file run_36.txt (compact mmCIF, C-alpha atoms)
# COMPACT_ATOMS: atom_id res chain seq x y z
CA MET A 3 -14.28 20.20 4.07
CA GLU A 4 -10.66 19.82 5.02
CA ASN A 5 -9.44 19.06 1.54
CA THR A 6 -7.80 22.06 -0.13
CA ILE A 7 -7.14 21.08 -3.71
CA ARG A 8 -3.95 22.30 -5.33
CA VAL A 9 -4.74 24.19 -8.52
CA ASN A 10 -3.19 26.38 -11.17
CA SER A 11 -5.02 29.33 -12.73
CA ALA A 12 -6.51 27.21 -15.53
CA ARG A 13 -8.26 24.89 -13.05
CA LEU A 14 -9.53 27.62 -10.73
CA GLY A 15 -12.90 27.81 -12.51
CA ASP A 16 -13.61 24.12 -11.78
CA PHE A 17 -13.63 24.76 -8.03
CA VAL A 18 -15.84 27.81 -7.53
CA GLY A 19 -16.98 27.93 -3.91
CA ARG A 20 -14.34 25.43 -2.77
CA ASP A 21 -11.14 26.01 -0.82
CA VAL A 22 -7.98 25.61 -2.91
CA ARG A 23 -4.26 26.21 -2.74
CA LEU A 24 -2.69 28.32 -5.46
CA VAL A 25 1.07 28.53 -5.83
CA GLY A 26 2.68 31.32 -7.81
CA LYS A 27 4.71 34.46 -8.02
CA LEU A 28 3.56 37.51 -6.08
CA LYS A 29 3.28 40.19 -8.79
CA HIS A 30 1.47 43.05 -7.04
CA LEU A 31 0.44 43.62 -3.47
CA LYS A 32 -2.21 46.33 -3.14
CA VAL A 33 -4.38 47.42 -0.24
CA ASP A 34 -7.30 45.12 -0.94
CA HIS A 35 -5.97 42.66 -3.48
CA ALA A 36 -2.88 40.84 -4.65
CA ILE A 37 -2.05 39.59 -8.13
CA ILE A 38 -0.47 36.15 -8.24
CA GLU A 39 1.06 34.75 -11.39
CA SER A 40 0.12 31.09 -11.13
CA VAL A 41 2.62 28.36 -11.97
CA ASP A 42 0.90 27.92 -15.36
CA GLY A 43 1.44 31.60 -16.22
CA GLY A 44 -2.13 32.80 -15.68
CA GLN A 45 -2.81 35.72 -13.36
CA VAL A 46 -5.17 35.40 -10.42
CA GLU A 47 -6.58 38.22 -8.31
CA VAL A 48 -6.65 37.45 -4.62
CA ARG A 49 -8.89 39.58 -2.40
CA ILE A 50 -6.98 40.12 0.81
CA PRO A 51 -7.78 41.47 4.24
CA SER A 52 -5.85 44.45 5.57
CA LYS A 53 -3.20 42.26 7.13
CA THR A 54 -1.62 39.30 5.36
CA ASN A 55 1.60 37.38 5.58
CA LEU A 56 2.36 37.67 1.83
CA VAL A 57 6.06 38.51 1.70
CA ASP A 58 8.17 36.24 -0.48
CA THR A 59 8.64 36.19 -4.25
CA TYR A 60 6.83 32.86 -4.38
CA VAL A 61 3.81 32.21 -2.24
CA GLU A 62 1.10 29.66 -1.67
CA VAL A 63 -2.34 31.12 -1.06
CA VAL A 64 -5.14 29.16 0.58
CA GLY A 65 -8.53 30.59 -0.21
CA SER A 66 -12.01 30.11 -1.57
CA VAL A 67 -12.63 30.44 -5.28
CA ILE A 68 -14.95 33.30 -6.30
CA ASP A 69 -14.68 32.80 -10.07
CA SER A 70 -12.18 31.53 -12.64
CA GLY A 71 -9.87 34.50 -12.06
CA THR A 72 -10.54 35.55 -8.47
CA MET A 73 -10.20 34.05 -5.03
CA LYS A 74 -10.61 35.16 -1.42
CA TYR A 75 -7.60 34.96 0.89
CA LYS A 76 -7.80 32.66 3.90
CA GLY A 77 -4.13 32.06 4.57
CA CYS A 78 -0.75 31.70 2.95
CA SER A 79 2.71 30.21 3.13
CA ASN A 80 5.82 31.95 1.91
CA PHE A 81 7.76 29.80 -0.54
CA GLY A 82 11.02 31.73 -0.70
CA THR A 83 12.77 33.33 -3.63
CA GLU A 84 13.42 30.35 -5.89
CA LEU A 85 10.87 27.97 -7.33
CA ASP A 86 10.72 25.72 -10.37
CA MET A 87 7.33 26.92 -11.63
CA LYS A 88 7.28 24.40 -14.49
CA LEU A 89 7.84 21.47 -12.14
CA VAL A 90 5.17 22.67 -9.72
CA ASN A 91 2.71 23.17 -12.58
CA GLU A 92 3.31 19.72 -14.01
CA ALA A 93 3.02 18.07 -10.59
CA THR A 94 -0.20 20.03 -9.96
CA GLU A 95 -1.62 18.90 -13.30
CA LEU A 96 -0.76 15.27 -12.50
CA MET A 97 -2.69 15.49 -9.23
CA HIS A 98 -5.80 16.11 -11.34
CA ASP A 99 -5.00 13.15 -13.61
CA PRO A 100 -7.66 10.42 -13.30
CA ARG A 101 -4.90 7.88 -12.52
CA PHE A 102 -3.84 9.74 -9.38
CA LYS A 103 -7.00 11.58 -8.28
CA ASP A 104 -7.71 8.95 -5.61
CA ALA A 105 -4.72 10.09 -3.59
CA PHE A 106 -5.31 13.81 -3.84
CA MET A 107 -9.01 14.77 -4.00
CA MET B 22 -13.59 1.01 -2.35
CA ALA B 23 -13.46 -1.96 -4.67
CA LYS B 24 -9.80 -2.47 -3.79
CA GLU B 25 -10.71 -3.73 -0.33
CA ALA B 26 -11.31 -7.25 -1.58
CA SER B 27 -7.71 -7.90 -2.55
CA CYS B 28 -6.71 -7.09 1.00
CA LYS B 29 -8.49 -9.99 2.62
CA THR B 30 -6.72 -12.82 4.34
CA VAL B 31 -8.39 -15.35 2.05
CA ASN B 32 -6.39 -14.04 -0.86
CA HIS B 33 -3.18 -14.39 1.09
CA LEU B 34 -3.86 -18.10 1.51
CA GLN B 35 -4.78 -18.64 -2.11
CA ASP B 36 -1.82 -16.81 -3.51
CA PRO B 37 1.50 -17.61 -1.84
CA VAL B 38 3.32 -15.11 -4.06
CA ALA B 39 1.03 -12.32 -2.90
CA LEU B 40 1.66 -13.35 0.69
CA VAL B 41 5.40 -13.00 0.28
CA ASP B 42 4.88 -9.71 -1.53
CA ARG B 43 2.83 -8.19 1.25
CA ARG B 44 5.15 -9.40 3.98
CA SER B 45 8.14 -7.80 2.38
CA ASN B 46 6.09 -4.64 1.91
CA ALA B 47 5.58 -4.44 5.66
CA GLN B 48 9.24 -3.44 5.86
CA ALA B 49 9.05 -1.02 2.94
CA LEU B 50 8.81 2.75 3.32
CA THR B 51 5.75 3.88 1.37
CA PRO B 52 5.26 7.53 0.40
CA LEU B 53 1.61 8.48 0.99
CA THR B 54 -0.74 11.42 1.10
CA ILE B 55 -2.83 11.99 4.22
CA LYS B 56 -5.95 11.16 2.20
CA GLN B 57 -4.48 7.73 1.45
CA CYS B 58 -3.69 7.25 5.15
CA LEU B 59 -7.26 8.07 6.10
CA GLU B 60 -8.70 5.83 3.40
CA ALA B 61 -6.46 2.82 4.03
CA THR B 62 -8.64 -0.24 4.43
CA GLN B 63 -8.62 -3.02 6.99
CA ALA B 64 -10.09 -6.50 6.58
CA HIS B 65 -10.79 -6.68 10.35
CA SER B 66 -9.84 -4.66 13.41
CA ASP B 67 -6.53 -6.47 13.98
CA ALA B 68 -5.51 -6.70 10.33
CA GLU B 69 -2.83 -4.62 8.75
CA LEU B 70 -3.91 -1.46 6.97
CA CYS B 71 -3.83 -1.79 3.20
CA ILE B 72 -3.70 0.65 0.32
CA ASP B 73 -4.56 -0.63 -3.16
CA GLY B 74 -4.40 -4.13 -1.64
CA THR B 75 -0.84 -3.67 -0.43
CA GLU B 76 0.05 -3.71 3.23
CA VAL B 77 1.39 -0.45 4.57
CA GLY B 78 4.29 -0.77 6.97
CA GLN B 79 6.48 2.25 7.31
CA LEU B 80 5.10 5.33 5.64
CA THR B 81 6.37 8.79 4.91
CA ILE B 82 4.33 11.92 4.35
CA VAL B 83 5.14 15.56 3.68
CA ALA B 84 2.70 18.03 5.16
CA GLN B 85 2.27 21.43 6.70
CA VAL B 86 2.26 21.60 10.50
CA LEU B 87 -0.88 23.39 11.65
CA THR B 88 -0.30 23.10 15.39
CA ILE B 89 2.12 21.38 17.71
CA ALA B 90 0.98 20.21 21.14
CA ARG B 91 3.95 19.58 23.40
CA GLN B 92 3.30 17.13 26.19
CA VAL B 93 5.52 15.50 28.76
CA THR B 94 5.94 12.19 26.97
CA ASN B 95 5.11 13.10 23.39
CA ARG B 96 4.44 15.78 20.83
CA VAL B 97 1.34 15.86 18.71
CA TYR B 98 1.71 17.44 15.31
CA PHE B 99 -1.54 18.33 13.57
CA LEU B 100 -0.74 17.97 9.89
CA ASP B 101 -2.39 19.12 6.67
CA ASP B 102 -1.03 18.18 3.25
CA ALA B 103 -3.92 19.67 1.23
CA THR B 104 -5.47 16.21 0.78
CA GLY B 105 -6.59 15.81 4.40
CA ARG B 106 -5.61 16.23 8.02
CA ILE B 107 -4.11 13.79 10.49
CA GLU B 108 -2.29 13.80 13.80
CA ALA B 109 1.25 12.55 14.14
CA ARG B 110 2.41 11.54 17.61
CA SER B 111 6.10 11.60 18.29
CA PHE B 112 7.06 9.98 21.58
CA ILE B 113 10.00 11.41 23.43
CA ASP B 114 12.53 8.82 24.40
CA PRO B 115 13.41 9.60 28.03
CA SER B 116 16.76 7.84 27.69
CA SER B 117 17.93 9.97 24.75
CA ASP B 118 19.75 13.20 25.47
CA THR B 119 18.12 16.52 24.71
CA GLY B 120 20.25 17.03 21.62
CA SER B 121 18.02 15.05 19.30
CA GLU B 122 14.89 16.68 20.68
CA GLY B 123 16.36 20.08 20.12
CA ASP B 124 15.91 20.08 16.35
CA GLU B 125 12.31 18.95 16.61
CA GLN B 126 11.56 21.86 18.87
CA ASP B 127 12.71 24.23 16.16
CA ILE B 128 9.87 23.28 13.84
CA PRO B 129 7.68 26.36 13.52
CA GLU B 130 3.94 26.02 13.10
CA GLY B 131 3.02 26.58 9.45
CA SER B 132 6.19 25.01 8.09
CA TYR B 133 6.40 21.89 5.96
CA VAL B 134 7.78 18.72 7.54
CA ARG B 135 8.57 15.19 6.49
CA VAL B 136 7.14 12.62 8.88
CA THR B 137 8.16 8.96 8.89
CA GLY B 138 6.29 6.42 10.96
CA THR B 139 3.53 3.86 11.06
CA LEU B 140 -0.22 4.16 10.84
CA LYS B 141 -2.05 3.44 14.10
CA HIS B 142 -5.57 3.80 15.33
CA PHE B 143 -6.94 4.51 18.74
CA ALA B 144 -10.61 4.96 19.66
CA ASN B 145 -11.66 4.96 15.99
CA LYS B 146 -9.21 7.72 15.23
CA ARG B 147 -6.28 7.18 12.92
CA TYR B 148 -2.96 8.76 13.66
CA ILE B 149 0.66 8.41 12.65
CA ASN B 150 3.05 7.04 15.21
CA ALA B 151 6.00 9.13 14.10
CA ASN B 152 9.53 7.79 14.39
CA HIS B 153 10.93 10.90 12.86
CA VAL B 154 9.81 14.45 12.15
CA ARG B 155 12.07 16.87 10.39
CA PRO B 156 11.68 20.17 8.53
CA CYS B 157 11.52 19.80 4.75
CA GLY B 158 14.52 20.65 2.67
CA PHE B 159 17.04 19.96 5.39
CA SER B 160 19.02 16.84 5.99
CA PRO B 161 19.78 16.05 9.63
CA SER B 162 23.38 17.08 9.07
CA THR B 163 22.68 20.61 7.87
CA PRO B 164 21.61 23.04 10.57
CA LEU B 165 18.42 25.04 10.27
CA PRO B 166 18.90 28.55 8.90
CA PRO B 167 18.23 31.35 11.35
CA SER B 168 14.49 31.84 11.49
CA ASN B 169 13.44 35.41 10.78
CA GLY B 170 9.85 34.51 11.50
CA VAL B 171 8.68 35.27 7.97
CA THR B 172 10.12 32.88 5.41
CA VAL B 173 9.05 29.41 6.40
CA ALA B 174 10.10 27.59 3.25
CA THR B 175 13.17 27.49 1.06
CA ALA B 176 13.32 26.25 -2.51
CA ALA B 177 14.58 22.89 -1.24
CA ALA B 178 11.65 22.59 1.14
CA VAL B 179 9.03 23.39 -1.49
CA HIS B 180 10.67 21.12 -4.03
CA GLU B 181 10.73 18.32 -1.45
CA LEU B 182 6.97 18.75 -1.11
CA TYR B 183 6.45 18.36 -4.86
CA PHE B 184 9.01 15.57 -5.04
CA HIS B 185 6.92 13.76 -2.44
CA TYR B 186 3.70 14.22 -4.42
CA LEU B 187 5.41 12.79 -7.51
CA GLU B 188 6.84 9.90 -5.51
CA VAL B 189 3.34 9.14 -4.21
CA MET B 190 2.13 8.96 -7.83
CA GLN B 191 5.05 6.79 -8.88
CA MET B 192 4.23 4.31 -6.11
CA MET B 193 0.59 4.22 -7.24
CA VAL B 194 1.79 3.15 -10.68
CA VAL B 195 4.18 0.58 -9.19
CA ARG B 196 1.42 -0.94 -7.05
CA LYS B 197 -0.76 -1.24 -10.15
CA LYS B 198 1.77 -2.44 -12.70
CA GLY B 199 4.78 -3.70 -10.77
CA PRO B 200 8.18 -2.02 -10.71
CA HIS B 201 9.58 -0.54 -13.89
CA PRO B 202 11.90 -3.09 -15.55
CA GLN B 203 14.65 -0.49 -15.46
CA PHE B 204 14.87 -0.97 -11.69
CA LEU B 205 15.13 -4.74 -11.93
CA GLY B 206 18.20 -4.97 -14.12
CA GLN B 207 19.97 -2.85 -16.68
CA SER B 208 19.16 -4.96 -19.73
CA ALA B 209 15.44 -5.71 -19.56
CA SER B 210 14.02 -6.66 -22.93
CA PRO B 211 12.19 -3.95 -24.86
CA SER B 212 8.87 -5.81 -24.65
CA THR B 213 8.81 -5.57 -20.85
CA ALA B 214 10.18 -2.05 -20.85
CA THR B 215 7.04 -0.76 -22.56
CA GLY B 216 5.07 -1.97 -19.57
CA GLY B 217 1.47 -1.25 -20.55
CA GLY B 218 -1.26 -3.41 -22.07
CA GLY B 219 -0.13 -6.77 -23.36
CA GLY B 220 3.31 -6.37 -21.87
CA SER B 221 2.04 -6.30 -18.31
CA GLY B 222 1.56 -10.07 -18.20
CA ALA B 223 5.19 -10.60 -18.98
CA ALA B 224 6.27 -7.92 -16.52
CA ASN B 225 4.57 -9.58 -13.56
CA PRO B 226 7.00 -12.48 -13.01
CA TYR B 227 9.79 -9.95 -12.77
CA ALA B 228 7.77 -7.87 -10.37
CA ASN B 229 7.12 -10.83 -8.11
CA GLY B 230 10.69 -11.94 -8.37
CA GLN B 231 11.93 -8.68 -7.03
CA THR B 232 10.28 -9.11 -3.68
CA ARG B 233 10.33 -12.88 -3.40
CA GLY B 234 12.58 -14.82 -1.09
CA PRO B 235 15.23 -13.61 1.27
CA SER B 236 16.20 -10.00 0.93
CA GLY B 237 19.57 -10.94 -0.50
CA SER B 238 18.13 -12.56 -3.60
CA GLN B 239 16.86 -9.30 -4.99
CA SER B 240 20.26 -7.70 -5.20
CA ALA B 241 21.90 -10.95 -6.27
CA TYR B 242 19.69 -11.31 -9.34
CA SER B 243 19.09 -7.68 -10.19
CA GLY B 244 22.10 -7.49 -12.47
CA LEU B 245 21.15 -10.56 -14.51
CA GLN B 246 19.76 -10.79 -18.02
CA PRO B 247 15.96 -11.24 -18.11
CA THR B 248 16.22 -14.87 -19.19
CA GLN B 249 18.74 -15.64 -16.47
CA ARG B 250 16.60 -13.92 -13.88
CA CYS B 251 13.55 -15.87 -15.07
CA ILE B 252 15.50 -19.11 -14.66
CA MET B 253 16.57 -18.21 -11.14
CA GLU B 254 13.05 -17.27 -10.19
CA PHE B 255 11.65 -20.46 -11.65
CA ILE B 256 14.21 -22.64 -9.87
CA ASN B 257 13.57 -20.87 -6.58
CA SER B 258 9.83 -21.25 -6.98
CA GLN B 259 10.09 -25.05 -7.32
CA PRO B 260 10.21 -27.45 -4.36
CA ASP B 261 13.75 -28.13 -3.21
CA THR B 262 14.60 -31.72 -4.19
CA MET B 263 17.78 -33.76 -4.08
CA GLU B 264 18.08 -34.16 -7.83
CA GLY B 265 17.27 -30.54 -8.73
CA ILE B 266 15.26 -29.46 -11.73
CA HIS B 267 15.53 -30.87 -15.25
CA ILE B 268 16.46 -28.50 -18.04
CA THR B 269 13.24 -29.17 -19.97
CA ALA B 270 11.21 -28.25 -16.88
CA ILE B 271 13.21 -25.03 -16.63
CA ALA B 272 12.56 -24.26 -20.30
CA ARG B 273 8.84 -24.88 -19.84
CA GLY B 274 8.72 -22.79 -16.67
CA VAL B 275 10.59 -19.87 -18.18
CA ALA B 276 8.40 -19.96 -21.29
CA SER B 277 5.23 -19.81 -19.20
CA MET B 278 6.62 -16.99 -17.04
CA ALA B 279 7.65 -14.97 -20.06
CA GLY B 280 4.38 -15.73 -21.82
CA ASN B 281 6.09 -16.86 -25.00
CA SER B 282 8.39 -19.65 -26.06
CA VAL B 283 12.06 -19.23 -25.32
CA ASP B 284 14.76 -20.65 -27.57
CA ALA B 285 16.35 -23.81 -26.11
CA ALA B 286 19.81 -22.55 -27.04
CA GLU B 287 19.11 -19.33 -25.16
CA ILE B 288 18.14 -21.31 -22.04
CA ALA B 289 21.27 -23.43 -22.33
CA SER B 290 23.57 -20.43 -22.72
CA ALA B 291 21.82 -18.60 -19.89
CA LEU B 292 22.29 -21.64 -17.65
CA ASP B 293 25.98 -21.81 -18.63
CA LYS B 294 26.36 -18.16 -17.63
CA LEU B 295 24.54 -18.76 -14.33
CA MET B 296 26.84 -21.72 -13.61
CA ASP B 297 29.90 -19.62 -14.43
CA GLU B 298 28.73 -16.98 -12.01
CA GLY B 299 27.92 -19.53 -9.33
CA HIS B 300 24.16 -18.96 -9.17
CA VAL B 301 23.33 -22.56 -10.12
CA TYR B 302 25.14 -25.89 -10.24
CA SER B 303 24.44 -29.15 -12.02
CA SER B 304 23.31 -31.82 -9.58
CA ILE B 305 22.86 -35.52 -10.43
CA ASP B 306 23.83 -35.09 -14.09
CA ASP B 307 24.43 -32.35 -16.66
CA SER B 308 20.74 -31.76 -17.33
CA HIS B 309 19.60 -31.24 -13.70
CA PHE B 310 20.22 -27.97 -11.94
CA LYS B 311 19.97 -26.60 -8.44
CA ALA B 312 20.25 -23.04 -7.19
CA ALA B 313 23.25 -22.17 -5.10
CA VAL B 314 22.00 -20.54 -1.90
call {"tool": "encode", "arguments": {"input": "run_36.txt", "output": "structure tokens"}}
result
Amino acid sequence: MENTIRVNSARLGDFVGRDVRLVGKLKHLKVDHAIIESVDGGQVEVRIPSKTNLVDTYVEVVGSVIDSGTMKYKGCSNFGTELDMKLVNEATELMHDPRFKDAFM
Amino acid sequence: MAKEASCKTVNHLQDPVALVDRRSNAQALTPLTIKQCLEATQAHSDAELCIDGTEVGQLTIVAQVLTIARQVTNRVYFLDDATGRIEARSFIDPSSDTGSEGDEQDIPEGSYVRVTGTLKHFANKRYINANHVRPCGFSPSTPLPPSNGVTVATAAAVHELYFHYLEVMQMMVVRKKGPHPQFLGQSASPSTATGGGGGSGAANPYANGQTRGPSGSQSAYSGLQPTQRCIMEFINSQPDTMEGIHITAIARGVASMAGNSVDAAEIASALDKLMDEGHVYSSIDDSHFKAAV
């Protein structure tokens, strides 16, 4: 399965067991987990290995969904210090719209 | 996919308008996701690749570079845009100086890039023949910021990614419904501006008109009133005869294109305007008109 669906926190529960991409603000970085505030405002716990590349204010995490509020880290991209969260959330929601699903999932 | 059918050559022959449409699309730059690239359909092995029944010529994608394989004559970028994975091959022009290659070498693995090129296939594998690969968020004129090895994306780069997704969606709507009337002239009538449902029938002639004929016609007519544009499209769609087209034939043609009757006075005043602006001229008498080329 090469398709990693872009989600916000509200849609996480629909993809349990699948690989997804979650974009958001890095709120806390602890030893074994990170808290990401998703672009829709919801908080997601990401279980991380001892070494990650999570650095920037805004990050994109690729991982598998454990449940509606938790995912397991597989990789990430740093998205810098500025991001229009509202725009990203609305674009993400549109990707799940039945009109556009064909192109994205 | 049910959309395959509209791609077939048979339909081209039956529908001359569609033929013109697809030909002009071969020159268009279509924003796509990798999933769309992989799912593009082909009527037969030599046919053009089609998406939603529309031929894909030049395409542009935004994706993350997973790996870069540098070879003597080309570079192979392995790309992932979250919808799928595809290779993009960028051939190195031996005659070009190293300056233009330099910026491509600066693309770090893991960063987001915009790739422009054409879809090819070789040994049952689809790939993108890339004309151009550049990092997202940077125009060719602005230099790359110093790479500290950590931050791979700036706000501009990430926003370009989401801009691209939205542009992909916009093009899906355009392929389904035709271009928004707003892009075909400033003063489109409110009935076509609404677009959906019953209005779509009326919107189609405009949509076809945009891509019909020589490339110059699109810009020449884009500033016209809807009625004037309809007249020009109708005249251009008719066989070119010595005597031109009679005004009643124009009125009938415009009415059928617009899907409702059009006031005769409106046709007459629109024709007067078109004559003033040099788009049409009266031929054998005052009631026959020809289009100025």
call {"tool": "closest_atom_pairs", "arguments": {"input": "run_36.txt", "of": "chain A", "to": "chain B", "cutoff": "7 Å", "atoms": "all atoms listed in the file", "output": "JSON lines"}}
result
{"residue": "A:Glu4", "atom": "CA", "partner": "B:Gly105", "partner_atom": "CA", "distance": 5.7}
{"residue": "A:Asn5", "atom": "CA", "partner": "B:Thr104", "partner_atom": "CA", "distance": 4.9}
{"residue": "A:Thr6", "atom": "CA", "partner": "B:Ala103", "partner_atom": "CA", "distance": 4.8}
{"residue": "A:Ile7", "atom": "CA", "partner": "B:Ala103", "partner_atom": "CA", "distance": 6.1}
{"residue": "A:Asn80", "atom": "CA", "partner": "B:Thr172", "partner_atom": "CA", "distance": 5.6}
{"residue": "A:Phe81", "atom": "CA", "partner": "B:Ala174", "partner_atom": "CA", "distance": 5.0}
{"residue": "A:Gly82", "atom": "CA", "partner": "B:Thr175", "partner_atom": "CA", "distance": 5.1}
{"residue": "A:Glu84", "atom": "CA", "partner": "B:Ala176", "partner_atom": "CA", "distance": 5.3}
{"residue": "A:Leu85", "atom": "CA", "partner": "B:Ala176", "partner_atom": "CA", "distance": 5.7}
{"residue": "A:Val90", "atom": "CA", "partner": "B:Tyr183", "partner_atom": "CA", "distance": 6.6}
{"residue": "A:Ala93", "atom": "CA", "partner": "B:Leu187", "partner_atom": "CA", "distance": 6.6}
{"residue": "A:Phe102", "atom": "CA", "partner": "B:Met190", "partner_atom": "CA", "distance": 6.2}
{"residue": "A:Ala105", "atom": "CA", "partner": "B:Gln57", "partner_atom": "CA", "distance": 5.6}
{"residue": "A:Phe106", "atom": "CA", "partner": "B:Thr104", "partner_atom": "CA", "distance": 5.2}
{"residue": "A:Met107", "atom": "CA", "partner": "B:Thr104", "partner_atom": "CA", "distance": 6.1}
call {"tool": "write_last_selection", "arguments": {"input": "run_36.txt", "atoms": "C-alpha atoms", "output": "mmCIF file, keeping the file's coordinate frame"}}
result
data_model
loop_
_atom_site.group_PDB
_atom_site.id
_atom_site.type_symbol
_atom_site.label_atom_id
_atom_site.label_comp_id
_atom_site.auth_asym_id
_atom_site.auth_seq_id
_atom_site.Cartn_x
_atom_site.Cartn_y
_atom_site.Cartn_z
ATOM 1 C CA GLU A 4 -10.660 19.820 5.020
ATOM 2 C CA ASN A 5 -9.440 19.060 1.540
ATOM 3 C CA THR A 6 -7.800 22.060 -0.130
ATOM 4 C CA ILE A 7 -7.140 21.080 -3.710
ATOM 5 C CA ASN A 80 5.820 31.950 1.910
ATOM 6 C CA PHE A 81 7.760 29.800 -0.540
ATOM 7 C CA GLY A 82 11.020 31.730 -0.700
ATOM 8 C CA GLU A 84 13.420 30.350 -5.890
ATOM 9 C CA LEU A 85 10.870 27.970 -7.330
ATOM 10 C CA VAL A 90 5.170 22.670 -9.720
ATOM 11 C CA ALA A 93 3.020 18.070 -10.590
ATOM 12 C CA PHE A 102 -3.840 9.740 -9.380
ATOM 13 C CA ALA A 105 -4.720 10.090 -3.590
ATOM 14 C CA PHE A 106 -5.310 13.810 -3.840
ATOM 15 C CA MET A 107 -9.010 14.770 -4.000
#
call {"tool": "atom_distance", "arguments": {"input": "run_36.txt", "atom1": "atom CA of B:Gly244", "atom2": "atom CA of B:Met263"}}
result
27.9 Å
call {"tool": "closest_residue", "arguments": {"input": "run_36.txt", "among": "A:Thr59, A:Ser52, A:Ser66, A:Thr83", "to": "A:Leu24", "atoms": "all atoms listed in the file"}}
result
A:Ser66
call {"tool": "atom_distance", "arguments": {"input": "run_36.txt", "atom1": "atom CA of B:Val275", "atom2": "atom CA of B:Ser308"}}
result
15.7 Å
call {"tool": "closest_residue", "arguments": {"input": "run_36.txt", "among": "B:Ile89, B:Ala312, B:Val134, B:Ile305", "to": "B:Ile252", "atoms": "all atoms listed in the file"}}
result
B:Ala312
call {"tool": "residues_near_point", "arguments": {"input": "run_36.txt", "point": "(1.4, 31.1, -17.1)", "cutoff": "12 Å", "atoms": "only C-alpha atoms", "output": "list in words"}}
result
Asn10, Ser11, Ala12, Val25, Gly26, Lys27, Ile38, Glu39, Ser40, Val41, Asp42, Gly43, Gly44, Gln45, Val46, Met87, Lys88, Val90, Asn91 and Glu92 of chain A
call {"tool": "write_last_selection", "arguments": {"input": "run_36.txt", "atoms": "C-alpha atoms", "output": "tab-separated table (two decimals), in the coordinates of the input"}}
result
chain	number	residue	atom	x	y	z
A	10	ASN	CA	-3.19	26.38	-11.17
A	11	SER	CA	-5.02	29.33	-12.73
A	12	ALA	CA	-6.51	27.21	-15.53
A	25	VAL	CA	1.07	28.53	-5.83
A	26	GLY	CA	2.68	31.32	-7.81
A	27	LYS	CA	4.71	34.46	-8.02
A	38	ILE	CA	-0.47	36.15	-8.24
A	39	GLU	CA	1.06	34.75	-11.39
A	40	SER	CA	0.12	31.09	-11.13
A	41	VAL	CA	2.62	28.36	-11.97
A	42	ASP	CA	0.90	27.92	-15.36
A	43	GLY	CA	1.44	31.60	-16.22
A	44	GLY	CA	-2.13	32.80	-15.68
A	45	GLN	CA	-2.81	35.72	-13.36
A	46	VAL	CA	-5.17	35.40	-10.42
A	87	MET	CA	7.33	26.92	-11.63
A	88	LYS	CA	7.28	24.40	-14.49
A	90	VAL	CA	5.17	22.67	-9.72
A	91	ASN	CA	2.71	23.17	-12.58
A	92	GLU	CA	3.31	19.72	-14.01
call {"tool": "atom_distance", "arguments": {"input": "run_36.txt", "atom1": "atom CA of B:Cys71", "atom2": "atom CA of B:Ala144"}}
result
19.0 Å
call {"tool": "closest_residue", "arguments": {"input": "run_36.txt", "among": "B:Cys157, B:Ala61, B:Ile72, B:Ile149", "to": "B:Lys197", "atoms": "all atoms listed in the file"}}
result
B:Ile72
call {"tool": "axis_aligned_box", "arguments": {"input": "run_36.txt", "around": "stretch 91-105 of chain A", "padding_each_side": "5 Å", "output": "JSON"}}
result
{"center_x": -2.2, "center_y": 15.5, "center_z": -8.8, "size_x": 21.0, "size_y": 25.3, "size_z": 20.4}
